[in-house]
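**Q** Below is one structure. I have some questions about it.
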Amino acid sequence: MSSPGLSYRSEIDGLRAVAVLPVILFHAGLQWVPGGYVGVDIFFVISGFLITGILMRELEADQFSILNFYERRARRILPALFFVMTVTAILAAIFMLPYELRDFARSMIAVITFVSNFFFWSEADYFATAAERLPLLHTWSLSVEEQFYILFPVVLWLFWKYWRGGLVSAMVVVSLASLALAEFVVHRSPATAFYLLPTRGWELLSGSLAAVYLLKRGACGRVAGEVIGGVGLLAILFSILFFDEGTPFPSIWALVPVLGTVGILVGASGQTFVGRILSLRPAVFIGLISYSAYLWHQPLFAFARVIADEADPSDQLMIGLAVLSLVLAWVSWRFVEEPFRRKNLFSAGQIFLHSSFGAAALGGLAAIFLLSQGLERRFPEDQRSWLVKSREEYTVYVRGGHGKVVNKPLSHSQPNLLLVGDSFSEDFYNMMLENEAFTDHSITAIRMSSSCQLNFGFSWDETRSLIPEDKRASCSRQRLTEKDLEKIRSADVVIFAFKWREWSARRMPAVLANLNLNPEQKVFVIGSKRMLSRRGTMQLDDPTGTLVEPPAKDIETSRLLRETLPKGVFVDTLALLCPNGCPLFTADGALISHDGYHLTRAGARHIGGVLFATPPLAAYRQ
């Protein structure tokens with residue numbers, strides 16, 4: 001069972017380059033390739049194609065062995081993965097804070113047990129800013145593949161042995177069911193659709209079906225190959241250039257890069273234009289090192305973002321790290337991947353032994369990170385209490401109470417307070433609770449995005465250019481509903497609390513006018529606040545005694561709101577809290593903010609105490 005379409009094809013290595021480079025640029029945060037994440041889908045199709053071709057030929061020759069299959073997977077996947085994980089773990093121990101290192105250790109265990117897709121599904125939004133700081137986030141795709149290959153070879157063998165004629169039909173049915181599931185789930189739980197095998201399996205099976213087609217029909221003729229391969233390449237380029245984070249994915253839209261990849265696998269060859277382009281030596285070289293490049297890029301980018309703290313690394317730095325990922329990829333390909341693939345250097349027994357030892361060693365290292373509370377003894381004793389606690393633990397406090405009043409109906413028996421805003425409104429809610437303010441009011445809230453701000457009365461055309469490009473799709477859908485407007489116009493007290501941008505601060509007087517509020521309503525606009533993150537705080541010589549100057553942009557938004565809003569409406573948080581610089585700790589040494597923006601319980605009590613001790617809010621404290 002031989003086919004020219006399934007022998008070594010240099011254009012497939014070139015296709016790997018087309019897959020990996022956009023992924024690297026996308027994860028670097030560059031806007032050149034907004035759909036660069038589809039490179040992973042291209043890899044899925046290629047993987048299904050190659051593995052199925054190998055297994056089908058072995059079945060035809062009666063040489064199929066599940067043990068040999070997993071030996072090949074171990075040779076291909078594990079040495080480079082364990083090498084990169086070891087280096088990454090060392091860097092994590094140097095640069096990560098205790099709570100970060102503990103989370104990293106948990107992700108290590110998930111990776112070596114090939115369930116990291118489940119781990120990150122429960123922990124991270126792939127497109128969220130916080131996810132960019134996770135060094136092993138990209139391993140979710142490896143877990144999807146390995147879970148597929150736990151099942152696929154066995155099922156393929158069973159069909160081959162007992163119902164060979166039903167094999168293709170079964171693959172088509174399962175593929176269509178998986179695609180339909182992806183389309184259904186992506187609109188209800190995007191993370192579930194993104195990370196899990198049932199909604200990704202159709203992509204791998206698309207490659208499998210392409211392999212079966214070539215085995216049965218052979219390679220396309222040149223003219224057909226030119227057309228099919230050309231259309232396939234255009235489909236891939238279209239998805240890379242025109243998809244973005246707002247594109248539902250994976251869904252029907254994923255057919256564009258997936259079928260484009262199938263088109264190249266089926267149609268391209270050394271005799272076609274696309275095949276010759278993809279077979280150029282630079283493309284083939286990058287394709288050969290693409291697996292290692294994929295492994296290296298995310299840790300490099302993640303640590304750059306971790307070290308930069310709240311700032312964003314420059315594009316120049318990220319481009320440099322992208323180039324470095326290719327250099328390191330060559331090193332690990334040449335000295336790790338290639339040697340372990342040679343059976344004359346490492347026997348099957350040695351591969352399984354080394355793999356077991358590597359997994360155990362990495363698991364042991366992860367256990368050390370966890371049991372030592374993230375190697376907390378690296379830091380001075382007086383800092384450990386606020387460095388060990390995880391971001392999630394602090395976030396539970398920030399969001400917990402506020403979440404109970406979001407979209408709560410207005411009361412008919414009490415005065416109503418309506419809180420409108422982003423996560424800073426969650427902080428303000430906690431300030432009220434900690435300081436027993438507005439206790440005689442029924443509190444409800446409308447939650448809005450910090451990126452989108454409040455733009456009532458302004459068209460999307462007037463706003464679009466002011467929104468970060470990667471947030472425009474979601475912000476275009478954010479609207480105050482008629483029910484929201486009725487609440488805003490009916491509440492006795494309306495409080496707006498945002499992490500203000502300069503443009504939204506300039507617009508706020510017009511927004512208030514556009515809302516057409518009742519003159520008898522009390523309206524307050526809460527100014528932004530800003531301290532230092534824990535990473536920035538720990539780098540100070542005297543954290544508890546240091547006052548930090550707030551950023552110029554926050555000073556400017558406070559000035560704009562102070563000078564343009566009616567008297568008694570604006571609550572100038574920075575002026576009240578930071579007359580000579582913002583404190584990082586309360587008088588009794590408790591941390592005020594865990595990330596520089598959001599408040600601890602002690603911070604909410606402290607800052608709320610300052611705001612509710614001063615007019616105009618003092619009248620509402622019991």
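Each chain in the structure tokens gets a letter, A, B and so on, in the order shown; residues start at 1 in every chain, and ligands are counted from 1 in the order they appear.
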Write out as a list in words which residues come within 10 Å of A:Arg601 when counting only C-alpha atoms, dropping same-chain ones fewer than 2 positions away.

**A**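 Contacts, with the query itself left out: Tyr394, Tyr397, Val398, Asp427, Asn430, Met431, Glu434, Ala590, Leu591, Ile592, Ser593, His598, Leu599, Gly603, Ala604, Arg605 and His606 of chain A.
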
**Q** Using DSSP secondary structure from the backbone, list all alpha helix (DSSP H) positions within stretch 169-309 of chain A, as a count of residues only.

**A** 108

**Q** When you look at A:Trp500 with a cut-off of 7 Å (counting only C-alpha atoms), what residues show up, excluding the ones that are within fewer than 5 positions of it in the same chain? I need them as a list in words.

**A**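 Near A:Trp500, the qualifying residues are Ala505, Ser528 and Thr557 of chain A.
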
**Q** Taking 5 positions as the minimum chain separation for residues in the same chain, which residues sit within 9 Å of A:Gly568 when counting only C-alpha atoms? Answer as a list in words.

**A** Val523, Phe524, Pro615 and Pro616 of chain A

**Q** How would the residues just picked look written out with C-alpha atoms as a short mmCIF file (atom, residue, chain, number, x, y, z; two decimals), in the first residue's frame?

**A**
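Wrote it out as out_39.cif, contents follow:
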data_model
loop_
_atom_site.label_atom_id
_atom_site.label_comp_id
_atom_site.auth_asym_id
_atom_site.auth_seq_id
_atom_site.Cartn_x
_atom_site.Cartn_y
_atom_site.Cartn_z
CA VAL A 523 -24.51 60.65 41.00
CA PHE A 524 -20.88 59.93 41.89
CA PRO A 615 -17.51 64.60 51.56
CA PRO A 616 -19.41 63.85 49.41
#

**Q** Quick one: residues within 12 Å of stretch 149-153 of chain A, only C-alpha atoms, excluding same-chain residues fewer than 3 positions away - as a ChimeraX atom specification?

**A** /A:44,47-48,51-56,58-59,64-70,72-74,114,142-146,156-160,167,171,174,197,201,204-205,208

**Q** Any chance you can output those residues with C-alpha atoms as a compact mmCIF listing (two decimals), in the first residue's frame?

**A**
# COMPACT_ATOMS: atom_id res chain seq x y z
CA PHE A 44 -3.41 19.00 14.01
CA SER A 47 -0.33 15.17 12.52
CA GLY A 48 -3.49 13.23 11.69
CA ILE A 51 0.22 9.26 11.71
CA THR A 52 -2.69 7.72 9.82
CA GLY A 53 -0.52 7.14 6.75
CA ILE A 54 2.07 5.31 8.85
CA LEU A 55 -0.50 3.21 10.70
CA MET A 56 -2.40 2.27 7.53
CA GLU A 58 1.69 -0.98 8.82
CA LEU A 59 -1.77 -2.52 8.94
CA PHE A 64 1.09 -2.96 13.22
CA SER A 65 2.30 -2.77 16.82
CA ILE A 66 0.82 -0.50 19.43
CA LEU A 67 4.07 -0.69 21.40
CA ASN A 68 6.09 0.44 18.40
CA PHE A 69 3.62 3.26 17.82
CA TYR A 70 4.05 4.63 21.35
CA ARG A 72 7.81 6.45 18.03
CA ARG A 73 5.60 8.99 19.81
CA ALA A 74 7.92 8.98 22.81
CA PHE A 114 -0.87 14.83 29.17
CA LEU A 142 0.20 18.33 22.79
CA SER A 143 -2.26 16.91 25.28
CA VAL A 144 -5.08 16.99 22.73
CA GLU A 145 -2.89 15.07 20.28
CA GLU A 146 -1.77 12.47 22.82
CA LEU A 156 -8.21 1.92 13.67
CA TRP A 157 -6.90 -1.60 14.30
CA LEU A 158 -10.34 -2.83 15.39
CA PHE A 159 -11.98 -1.46 12.25
CA TRP A 160 -9.20 -2.88 10.09
CA LEU A 167 -13.66 2.62 8.33
CA MET A 171 -14.27 8.54 10.30
CA VAL A 174 -17.18 11.11 13.82
CA LEU A 197 -10.54 16.78 22.25
CA GLY A 201 -10.87 15.69 17.04
CA LEU A 204 -6.99 15.51 13.32
CA LEU A 205 -9.47 13.24 11.54
CA SER A 208 -6.57 11.15 8.61

**Q** Name the closest residue to A:Phe194 among the candidates A:Glu549, A:Asp484, A:Asp440, A:Glu245; distances are taken between atoms, counting only C-alpha atoms.

**A**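 That would be A:Glu245, the residue with the smallest distance to A:Phe194.
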
**Q** Go through stretch 57-163 of chain A residue by residue and, counting only C-alpha atoms, keep those with an atom at most 7 Å from stretch 373-390 of chain A; for each kept residue give the shortest atom pair and its distance in Å to one decimal, ordered by chain and increasing number, as a Markdown table.

**A**
| residue | atom | partner | partner_atom | distance |
| --- | --- | --- | --- | --- |
| A:Leu97 | CA | A:Leu387 | CA | 6.6 |
| A:Pro98 | CA | A:Gly374 | CA | 4.0 |
| A:Tyr99 | CA | A:Ser390 | CA | 4.8 |
| A:Leu101 | CA | A:Gly374 | CA | 5.0 |
| A:Arg102 | CA | A:Gly374 | CA | 5.0 |

**Q** With C-alpha atoms retained, could you export that selection as a compact mmCIF listing (two decimals), in the first residue's frame?

**A**
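File written: part-v4.txt
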# COMPACT_ATOMS: atom_id res chain seq x y z
CA LEU A 97 6.99 34.70 42.83
CA PRO A 98 5.85 31.91 45.19
CA TYR A 99 2.21 31.89 44.11
CA LEU A 101 5.70 29.07 40.99
CA ARG A 102 3.03 26.97 42.69

**Q** So, with only C-alpha atoms as the atoms that count, which of A:Ile12, A:Ile94, A:Leu353, A:Leu485 lies closest to A:Val266?

**A**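 Going through A:Ile12, A:Ile94, A:Leu353, A:Leu485 one by one, the smallest distance to A:Val266 is for A:Ile12.
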
**Q** Under the rule that only C-alpha atoms are counted, which of A:Thr86, A:Thr586, A:Gln521, A:Ser290 is the nearest residue to A:Leu15?

**A**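 Comparing A:Thr86, A:Thr586, A:Gln521, A:Ser290 against A:Leu15, the winner is A:Ser290.
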
**Q** Let me make sure I understand: among A:Pro519, A:Gly320, A:Gly457, A:Gly609, which one has the smallest atom-to-atom distance to A:Leu480 if we use only C-alpha atoms?

**A**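 Smallest distance to A:Leu480 is found for A:Gly457.
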
**Q** Write out as a list in words each polymer residue whose atoms come within 6 Å of stretch 400-411 of chain A, counting only C-alpha atoms; drop sequence neighbours fewer than 4 positions from it.

**A**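 Counting only the stated atoms, we get Val396, Glu426, Thr444, Ala445 and Ile446 of chain A.
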
**Q** Considering only C-alpha atoms, return as a PDB file with C-alpha atoms, in the first residue's frame whatever protein or nucleic-acid residues lie within 12 Å of A:Leu547, sequence-local ones (same chain, fewer than 5 positions apart) excluded.

**A**
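Now in around.pdb:
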ATOM      1  CA  ARG A 530      -2.952  52.808  41.402  1.00  0.00           C
ATOM      2  CA  MET A 531      -0.263  51.276  43.617  1.00  0.00           C
ATOM      3  CA  LEU A 532       2.457  48.738  42.790  1.00  0.00           C
ATOM      4  CA  THR A 537       6.652  46.135  45.893  1.00  0.00           C
ATOM      5  CA  LEU A 540      11.732  48.241  47.134  1.00  0.00           C
ATOM      6  CA  ASP A 541      14.277  48.698  49.911  1.00  0.00           C
ATOM      7  CA  ASP A 542      11.552  49.694  52.385  1.00  0.00           C
ATOM      8  CA  LEU A 577      -5.341  58.732  49.198  1.00  0.00           C
ATOM      9  CA  CYS A 578      -2.068  59.928  47.707  1.00  0.00           C
ATOM     10  CA  PRO A 579      -1.446  63.611  48.555  1.00  0.00           C
ATOM     11  CA  ASN A 580       2.289  62.903  48.830  1.00  0.00           C
ATOM     12  CA  GLY A 581       2.402  59.520  47.092  1.00  0.00           C
ATOM     13  CA  CYS A 582       0.328  56.360  47.350  1.00  0.00           C
ATOM     14  CA  PRO A 583       0.926  54.001  50.292  1.00  0.00           C
ATOM     15  CA  LEU A 584       1.426  50.303  49.573  1.00  0.00           C
ATOM     16  CA  PHE A 585       0.596  49.103  53.091  1.00  0.00           C
ATOM     17  CA  THR A 586      -1.845  50.124  55.794  1.00  0.00           C
TER      18      THR A 586
END
